[in-house]
Every structure is written in C-alpha cells, then in structure tokens.
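> Mind looking over this structure? Questions follow.
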There are 2 protein chains.
Amino acid sequence: MEFKVSKELIHQLEEHIVQKNDKELEVLLNDLHHADIAEILDELDFDEATYIFRVLDSDKTAEILLELEDDLRENILSRLSPKEIAEELDELETNDAADIIGELSQEIKAEVISEMLDVEHAKDIVDLLRYDENSAGGLMGKELVKVNENWNVLTCVKEMRIQAENVSRVHSIYVVDDENRLKGRLSLKDLLTTSTKTQIGDIYIRKLNFVNVDTEDVEVARIMQKYDLEAIPVVDELGRLVGRITIDDIVDVIKDEADKDYQLAAGITQDVESNDSVLELTKARLPWLLIGMVIEIVASFVLKGNEEIFKLHSTLIIFVPLLSATAGNIGVQASAIVVQGLANGTLKEFSRGYFTKEITVSMISGSIISLLLLGYHSIMYQQYLVGFAISISMIVVILFAATLGTLVPLFLHKNKIDPAIATGPFITTTNDVFGIMLYFGVAKLILGF
Amino acid sequence: MEFKVSKELIHQLEEHIVQKNDKELEVLLNDLHHADIAEILDELDFDEATYIFRVLDSDKTAEILLELEDDLRENILSRLSPKEIAEELDELETNDAADIIGELSQEIKAEVISEMLDVEHAKDIVDLLRYDENSAGGLMGKELVKVNENWNVLTCVKEMRIQAENVSRVHSIYVVDDENRLKGRLSLKDLLTTSTKTQIGDIYIRKLNFVNVDTEDVEVARIMQKYDLEAIPVVDELGRLVGRITIDDIVDVIKDEADKDYQLAAGITQDVESNDSVLELTKARLPWLLIGMVIEIVASFVLKGNEEIFKLHSTLIIFVPLLSATAGNIGVQASAIVVQGLANGTLKEFSRGYFTKEITVSMISGSIISLLLLGYHSIMYQQYLVGFAISISMIVVILFAATLGTLVPLFLHKNKIDPAIATGPFITTTNDVFGIMLYFGVAKLILGF
C-alpha cells in the first residue's frame, strides 16, 4: 500500500511541466503524501522540481521542504524570496522552521523572520535558534498543550481545545504552576476516562521525566528509549517548561548516530549517501585513505629494517598478511564492543574487570589461532623453531591489538572524541605498524637473530 | 533528573535481602520506574534478583521482566511456576506477553497459557504467537481503540472509554466496517476539537497508512519513519484490522538493525555486549578470526609463489601492508555506502550509473595515492621502474577492491543475505588475497620478470 515513484509518473510530470499544465500537475500530486512528493521531486532536475514546488500550496510545500535531499532544498530555497520562505515557515512547526532557518545565510535569516505573518510563531522560532542543534533545546518544538495546576477541569478543557488547534499531535498535557514551572502531566487516557468535574491539582501525575535545554541529543534519545517515552518536556535552568521533544525527531537522532558510527567504522568521514556526487564521495573517503597511507609507510620502514631476517627465514614474511589481518580484526572487534558498551551505558570508563575479560577472550582466540598456525607451519615447512617463533609472535601481537582496541576508544571517549573513530582504518593501520614491529621483535628473540 | 544506580543503594538492598526485610525493600524500590528497577536487578546476582522479584507486585514485576538482560530473565523465568508466569503475563500488553512466551519451552508454554486468568487476553496472545517475529504480525499488539463507521459519536465515545481502559496509550482511533475491515481513522485532535454530535461516517479520515501482517519489520520501520507515524495499523489478508504497531517497538527494530550492521562490519557474528560472558564473547568473535585466517593462508601461498621477485626487488614486499590496507579501506568504504544505500532505499539493485560513479571515485583516490607513492618511492629508493610498477599495481588493486566492495553487497542482497557481511573481515581478507596476486602480477609484467 506504500506509494512507489514510477517512471511513467515522472514522465507524465515532465510532460506537464513542459506544457505548463499546472492544473494537471495539481491533480496528479494533490492526493499524495508530502513525503512521497519529496521523493518525486528528488528524481527531477532542479528546474523541474522548483516549477512543481511553485505550483503547489504552501501548506503542502512547507512539509515537502523538510523531506527533500539537502542539495535540492538548498537550491529551491536559494530561488525563493524571503517573503516566499516566510510563507513556508508560517506553515511549519517551530522546530522544523528553526531547522530550515538555520540553513539560511545570516542576512536572509533576518529578512525571512521579519516577513513572517504569525508574530508569536516567529518569536518562538527565534527563541529556538539560540540553542545548540545537538542539544535538547535544538531538538525541541514549542507546540505543546499545558494547563495550570490552579485551573479547574472546565477551564482546562476549554483552554486545551484552543491550544490543540496549533498542535498536530497531542502527546501529553503538561501541568505548570503560575510561574510556568513544570509540575507534572495529565494523561490523555485520563482525559478520556475521567469525569470533567475534577480539579487539576487533584488529578495530575506528579512524576514525569523531563530534560534540560542543554541535555545532549543522544542522552535525550537514551532516556526516551529507556522509559519508552513518545514525548518529553524540556525545561530551562529555572525549571520552566520551554518546549517538548517528540519521538519522531529522536528516531532521526538514533538513525543519524548509528549511520555516523557505521561510516566512521568504514573509514568515511562525512555524512554521504550513494546518490551524492563524485566530489562529495571522494572528499568523504580520501582523508582516511591518506592517513592509512602515511601510517603504512611507517610499516614499510619496519619491514625494510627486518629485511635480513625475512631473507633468511622466508616463511616469516609470507605470514605478515595473516598477522595484519588477525591483529586488525581483533582490534576492531575489541573497539566495536567498547563503542557499543559506551553507547548503551553498559560501559562507562576503564574498568579492570572488563579489561581482564577482553584479554581473556583474546588470549583464548589467540591461542587457538596460534596453535592451528603452528600445526600448519610445521606440516607445510618443517621448520619447527620458525613455526614456534611465528606462533608466539602471533599471540603477542593479538594481545597487543586487543589492548589497543580496548584502550583507544575509552581514551577517545574520555577526551570527548567520538570513540567510533577507533573502529575505523586508524586502529587497523596502527595495529599493522606495531604488530609487524612486535612480530619481528619476538621472532628475532626466539630465533636468536 | 535521571535515576542512576549507586553502589550505596546496591549495598543497602543486599543487606535487606540477607535480613529478609521485605518491607524495607518495597519502600526503597516502590517509587522507582520499572526500567530503573531492572537496571538494579541486573547489578545483583541471580539469587538476590529473584528474591527482590518475588517481593514486588506482579504489576511491577511484569514490566521489569521485559527490561531485564536476557540471561537474568531466563534465569528468573526458570524459577517461576507456570502459574506465576501466567500472573506476570496477565499484566502485560499482548505483544510483550507474546515475546516472553516465545522464550519458554514448548511444554511450559501450554501450561502457562492455560493458567492465565484473562481468557480474552490469552487468546490474543496465542493469536500473536503464530506470526514470524521479524514480521509486522510479530511486532504488533492487540491493544487498540476502534469504532464502527456506522456508529454515531455518542456510542463511539462511550465505546472508546471502555476500550481505552485496556490501552495504555491511545495513538489513533481506527474506523472499521461491520466486517472489521479497516476503513480509516479518527484523529485525537478531532476528538478534542469536534462537537460530539457528529456521525462517524462523516468525519473519519479515509486515507491512512497500514501494513500487512507479513510485512517485514525493517520495512515497517522504513514506512513509519518516512511518514513520521507513531503507530500503524496491521491488517490481515482480507483487510481486517488485527493489530497495531507502536513507535517504541520500531525504535527497537531500528536500533537492533543498526547494531547488527555495525557488529557485522566489525567481524562479530552474534548480538553480544560488553557485559556478556567470556564464552559468549569468544563464540561471537572467533568464527570471523578463523575465516580470516584461512583466507590469509591463501595469501601466504601467493607471497610464497612470488618469493623470487621480491627477493630481487625488495621494496615490492615492504609496501604489501600499504597495499593491503588501502585495498581493504577502499573495499569497506565502497561496501558501506552500498549497504546504507540499500537500507535507506537510495539504491535498489546494480545500476550502471552508480557503478561508474564508484569507479570514478576510486580512480581519483587511487591516482592520488599512486602518484604520492611514486614520488615517495622515487625519492627514497631511486628505483624508478620498480616505483612505477608499484604505483600502477596499486591503481589496479584499488579498482579491483572498489569493484568487489560494490558488487559483493549487491550480490548478497539479491540472494537475501545480509549485505552488511560485506563490510566485515570477509571483504578485507579476500581483497588481500586478490590484491597481492594482482600486485605481483602487474609488477612482473612491468618489470619483465
């Protein structure tokens, strides 16, 4: 039952655009959801998309604007006058409008705001602009339903009806005191099931979760997930109710955070997608390739310095890829578990217990791999002392990789750097350098070189 | 304002357990949210946790059960009688109860169901058990508010009040016909702002999103995200309303999916966390280490076979780690972008346009890296032909890695295997083998070996 963009529809629309059949365009698009129209516009070129955008009503285009790919939105906004942008913003919820304004240049921003018709709405949006976009303040919207603890239910219901007109989804009815300080909430269910004769002060629920304007977005996400909340109120430093965050925005935070971690692990530095341009994709990928290159040049020095020994015992060199891959895999595994532990709160900082466990796991895996390798090397090459040297070096390298893989993300986290960086090329290439160094070091000791 | 488990609290609780101070335990825990109590129980040993579990009321313990770590939940359930488990289930929403029952063995399952007091509730749960857990049917709950299109608003409001008693959160009021076929919805906002004298058939919204019982969970997540839904109704093959899925369950699907992709990319095969046992962690990590080992043993053969040439031109061998790392990084980057493209729908299958773009990006990156390497090698080692051979081999290997990195996830996806596997050790180690083969192959050609 979900809408799918078809080639026929795109073709039809392009025909109507050429012929300036605005009526037909409206007929084709009017019944579609704004998210679907955005999907269609993303398939068209900028001129065609802008043409359709101008044909549609601003109550529809405002929502479409939010769903567009960044480059198309930027392009369309650059073609609209401040007055036209203001019309779009008048239709949007405060947090969405603030997001759009945040993308405009400083001069246009002021002009757009001054052109807005709904002054209260504009004030709310301006208020939201001062918060960091990764904080609760940056996520929250102003649309909420609140009642005073001193009202009776009659006043309350009357007031709520007025307030609900401006709120697309009523999640909770918040209760405040005369100073607008958050006191508690009324549940929608209570509203449906309680008699209308009751006093607010007597029926509201005093316990509720809330966050502060400067709580970090990922923290808000964690709290809302933990307590299964669909909306959470936001208070300022004085405990006054200033906004609310809804779960749909939190879903975006969760998705973005997961995507970012995944991309960092894959050695991609910016938020790119398969439909971005060659330039954007290259810019996002080249940095880690170059960093990896520089680190691996150090590895080439280490190998050069050990030329003598691997010329004598040539099986040493042929297992370097195995050594690198194993060290890399162990390091990334160790880091990934730490990164996820930090994200979901099961791990908070360095703990000796956790470190011991990680070393135990690596010791077990390392021993199994080393024994298999010793057996394999002995059968294949019959150089028992070299095989022994390779196996022991392998264990040492694995333990080192596990240590680095565990400590680096904890160190990054402690220094407020995203620990997910540690699961990317950085840890694998660094492991290569130290791994090869240790490998030949231990082998030399054993072979008495 | 969020609750944090403190060492003092844990200590206090342990004291009270030893002294069997049930009253004190209740006082300490009564005001806490069930998610917080679950966090506390996870910190205690199984015996202590079970003791507290028995002290608390079943309306609280039922919710706690859902939040516990898997092993503790399993342990507690194994100590409860079928009747006790049935009491917990009577308190839970149908989908949560079905999840718990799904964890029980076949014999106990039947006993537990027969012990349930609320027969309607039990029927609903049994009904849910027959759906695949990764489908809409497996995610949905039976708790919803629905009204008949033929009712008038008076009957409707009365009926809704009764139904709302069993529903903790009212998201939407669904409208059905006499055959229980889904027709549309009434919004909560309408309920607050419309006069109570209206006929349902005249006011309900006919357009609404829904999914089928066998829609895949990730697809449900995609639809709910796209259309910003907080709940979606589920219909059976005949279009009859059989349940609804709420956003909190979808948040879990999104999180789980992201975690799984991240773990696959890091070479971890099962869903493990930092607080799992050494055995579980080893079981999740060893398989990819062993697969990597086997593949890298093939790489050792390739190196062995090229011993002659790298003994003659020793700088060839010292850049093998750089070659491997670059090929690995390029491959993982390419795969990760494809995996994310498949997940968010910007990429659906092999497309020549996308493949050309990927090859262009890799060609640019490859050329930059190769030129830098050529310059570096020429300055350091003054063997210009060898340097040239290394640079050209590098470009070939990079293009190969990009091709493999792009095609493997698309191939896996087409064959219904999770494409995220391609971003893990498999692609990096396979790239090593082919990369080293190509590297020496091209070098031999150029050096006329």
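Ordering of the structure tokens sets the chain letters (A, B, ...), residue numbers begin anew at 1 in every chain, and ligands are numbered from 1 in the order given.
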Do a neighbour search on Thr198 (chain B) at 10 Å with only C-alpha atoms, toss out local chain neighbours closer than 6 positions, and write the hits as a list in words.
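Those residues are Trp151, Asn152, Val153 and Leu154 of chain B.
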> Just list as a PyMOL selection string whatever in region 133-308 of chain B DSSP marks as helix (DSSP H, G or I).
chain B and resi 136-139+153-164+188-193+200-203+217-226+247-265+278-305+307-308
> Pick out the residues sitting within 12 Å of region 13-18 of chain B, and hand them over as JSON, numbers by chain; count only C-alpha atoms, and ignore anything fewer than 4 positions along from it in its own chain.
{"B": [5, 6, 7, 8, 9, 22, 23, 24, 25, 26, 27, 28, 29, 37, 40, 41, 43, 44, 45, 47, 48, 49, 50, 51, 52, 53, 54, 55]}
> Any idea what's packed within 12 Å of Gln270 (chain B), counting only C-alpha atoms, ignoring anything in its chain fewer than 3 positions away? Could you give it as number ranges by chain?
A: 333, 337; B: 256, 259-267, 273, 276, 280-288
> Given the selection you just returned, output its residues as a file containing C-alpha atoms, formatted as a PDB file, in the first residue's frame.

```pdb
ATOM      1  CA  GLN A 333      36.186  -6.384  17.399  1.00  0.00           C
ATOM      2  CA  ILE A 337      32.258  -3.849  21.694  1.00  0.00           C
TER       3      ILE A 337
ATOM      4  CA  ASP B 256      18.828  -3.663  16.608  1.00  0.00           C
ATOM      5  CA  ASP B 259      23.744  -2.653  15.979  1.00  0.00           C
ATOM      6  CA  LYS B 260      23.708  -5.780  13.846  1.00  0.00           C
ATOM      7  CA  ASP B 261      25.182  -3.968  10.824  1.00  0.00           C
ATOM      8  CA  TYR B 262      27.837  -2.397  12.997  1.00  0.00           C
ATOM      9  CA  GLN B 263      28.761  -5.736  14.541  1.00  0.00           C
ATOM     10  CA  LEU B 264      28.894  -7.480  11.175  1.00  0.00           C
ATOM     11  CA  ALA B 265      31.198  -4.714   9.942  1.00  0.00           C
ATOM     12  CA  ALA B 266      33.390  -5.298  12.986  1.00  0.00           C
ATOM     13  CA  GLY B 267      33.505  -9.049  12.431  1.00  0.00           C
ATOM     14  CA  GLU B 273      27.508  -6.773  24.650  1.00  0.00           C
ATOM     15  CA  ASP B 276      28.378 -10.776  28.276  1.00  0.00           C
ATOM     16  CA  GLU B 280      29.711 -15.709  24.619  1.00  0.00           C
ATOM     17  CA  LEU B 281      32.173 -13.061  23.504  1.00  0.00           C
ATOM     18  CA  THR B 282      34.619 -15.678  22.212  1.00  0.00           C
ATOM     19  CA  LYS B 283      31.855 -17.546  20.377  1.00  0.00           C
ATOM     20  CA  ALA B 284      30.809 -14.321  18.686  1.00  0.00           C
ATOM     21  CA  ARG B 285      34.329 -13.346  17.666  1.00  0.00           C
ATOM     22  CA  LEU B 286      36.278 -16.496  16.877  1.00  0.00           C
ATOM     23  CA  PRO B 287      34.413 -17.509  13.668  1.00  0.00           C
ATOM     24  CA  TRP B 288      35.479 -14.451  11.661  1.00  0.00           C
TER      25      TRP B 288
END
```
> What are the DSSP strand (DSSP E or B) residues of region 101-164 of chain B, as a list in words?
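Put together, the selection reads Ser135, Gly141, Val145, Lys146, Val147, Asn148 and Asn152 of chain B.
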> Measure the distance from CA of Thr94 (chain A) to CA of Glu115 (chain A) in Å and round it to one decimal.
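Taking CA of Thr94 (chain A) and CA of Glu115 (chain A), their separation equals 15.6 Å.
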> Between CA of Ser324 (chain A) and CA of Ser362 (chain A), what is the spacing in Å?
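So the answer is 15.2 Å.
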> Excluding Phe3 (chain B) and residues on its chain fewer than 6 positions from it, collect all residues at most 10 Å away from it, counting only C-alpha atoms, and give them as a ChimeraX atom specification.
/B:32-33,35-37,39
> Extract, using only C-alpha atoms, all DNA, RNA and protein residues at most 9 Å from Ala325 (chain A), discarding same-chain residues fewer than 5 positions from it, and format them as number ranges by chain.
A: 320, 330, 428, 432; B: 289, 292-293, 296, 425, 428-429, 432
> Could you write out that same residue set with N, CA and C atoms as an mmCIF file, in the first residue's frame?

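The resulting file, selection-v5.cif, is shown below:
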```cif
data_model
loop_
_atom_site.group_PDB
_atom_site.id
_atom_site.type_symbol
_atom_site.label_atom_id
_atom_site.label_comp_id
_atom_site.auth_asym_id
_atom_site.auth_seq_id
_atom_site.Cartn_x
_atom_site.Cartn_y
_atom_site.Cartn_z
ATOM 1 N N VAL A 320 52.931 -12.314 7.111
ATOM 2 C CA VAL A 320 52.640 -10.935 7.542
ATOM 3 C C VAL A 320 51.181 -10.535 7.238
ATOM 4 N N ILE A 330 40.982 -8.460 15.431
ATOM 5 C CA ILE A 330 40.887 -8.466 16.901
ATOM 6 C C ILE A 330 40.716 -7.036 17.408
ATOM 7 N N THR A 428 43.249 -0.249 12.550
ATOM 8 C CA THR A 428 43.809 -1.369 11.791
ATOM 9 C C THR A 428 45.205 -1.041 11.277
ATOM 10 N N ASP A 432 48.887 -2.517 12.395
ATOM 11 C CA ASP A 432 49.834 -3.065 11.426
ATOM 12 C C ASP A 432 51.261 -2.701 11.793
ATOM 13 N N LEU B 289 37.550 -14.626 12.916
ATOM 14 C CA LEU B 289 39.009 -14.687 13.021
ATOM 15 C C LEU B 289 39.519 -15.920 12.276
ATOM 16 N N GLY B 292 39.078 -15.482 8.521
ATOM 17 C CA GLY B 292 40.143 -14.586 8.084
ATOM 18 C C GLY B 292 41.471 -15.330 7.979
ATOM 19 N N MET B 293 41.705 -16.201 8.961
ATOM 20 C CA MET B 293 42.959 -16.956 8.983
ATOM 21 C C MET B 293 43.085 -17.850 7.751
ATOM 22 N N GLU B 296 43.749 -15.797 4.709
ATOM 23 C CA GLU B 296 45.102 -15.225 4.689
ATOM 24 C C GLU B 296 46.169 -16.298 4.480
ATOM 25 N N PRO B 425 35.302 -8.520 7.949
ATOM 26 C CA PRO B 425 36.598 -9.133 7.627
ATOM 27 C C PRO B 425 36.602 -9.870 6.296
ATOM 28 N N THR B 428 37.811 -7.566 3.492
ATOM 29 C CA THR B 428 39.197 -7.103 3.628
ATOM 30 C C THR B 428 40.186 -8.241 3.382
ATOM 31 N N THR B 429 39.879 -9.415 3.900
ATOM 32 C CA THR B 429 40.828 -10.522 3.708
ATOM 33 C C THR B 429 40.803 -11.030 2.268
ATOM 34 N N ASP B 432 42.794 -8.884 0.256
ATOM 35 C CA ASP B 432 44.220 -9.143 0.460
ATOM 36 C C ASP B 432 44.736 -10.172 -0.544
#
```
> Pick from B:Thr215, B:Thr403, B:Ser367, B:Ser300: nearest to chain A, with only C-alpha atoms counted?
B:Ser300
> Select, from A:Val386, A:Leu410, A:Val339, A:Leu72, the residue with the minimum atom-to-atom distance to chain B, counting only C-alpha atoms.
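Using only C-alpha atoms, the shortest distance to chain B belongs to A:Val339.
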> Any idea what the distance is between CA of Glu133 (chain A) and CA of Ala97 (chain A)?
13.0 Å
> Tell me which of A:Asp217, A:Asp96, A:Glu358, A:Glu149 sits closest to chain B, counting only C-alpha atoms.
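Answer, going by the shortest atom-to-atom distance: A:Glu358.
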> Name the closest residue to chain B among the candidates A:Ala443, A:Ile309, A:Ile398, A:Val361; distances are taken between atoms, counting only C-alpha atoms.
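Nearest to chain B: A:Val361.
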> Skipping near chain neighbours, those fewer than 2 positions away, what residues fall within 12 Å of Tyr131 (chain A) using only C-alpha atoms, listed as a PyMOL selection string?
chain A and resi 95+98-99+102+125-129+133-141+212-217+236+242
> With distances taken over only C-alpha atoms, which of B:Ser195, B:Thr346, B:Ser393, B:Ser58 is nearest to Ala86 (chain B)?
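Selected residue with least distance to Ala86 (chain B): B:Ser58.
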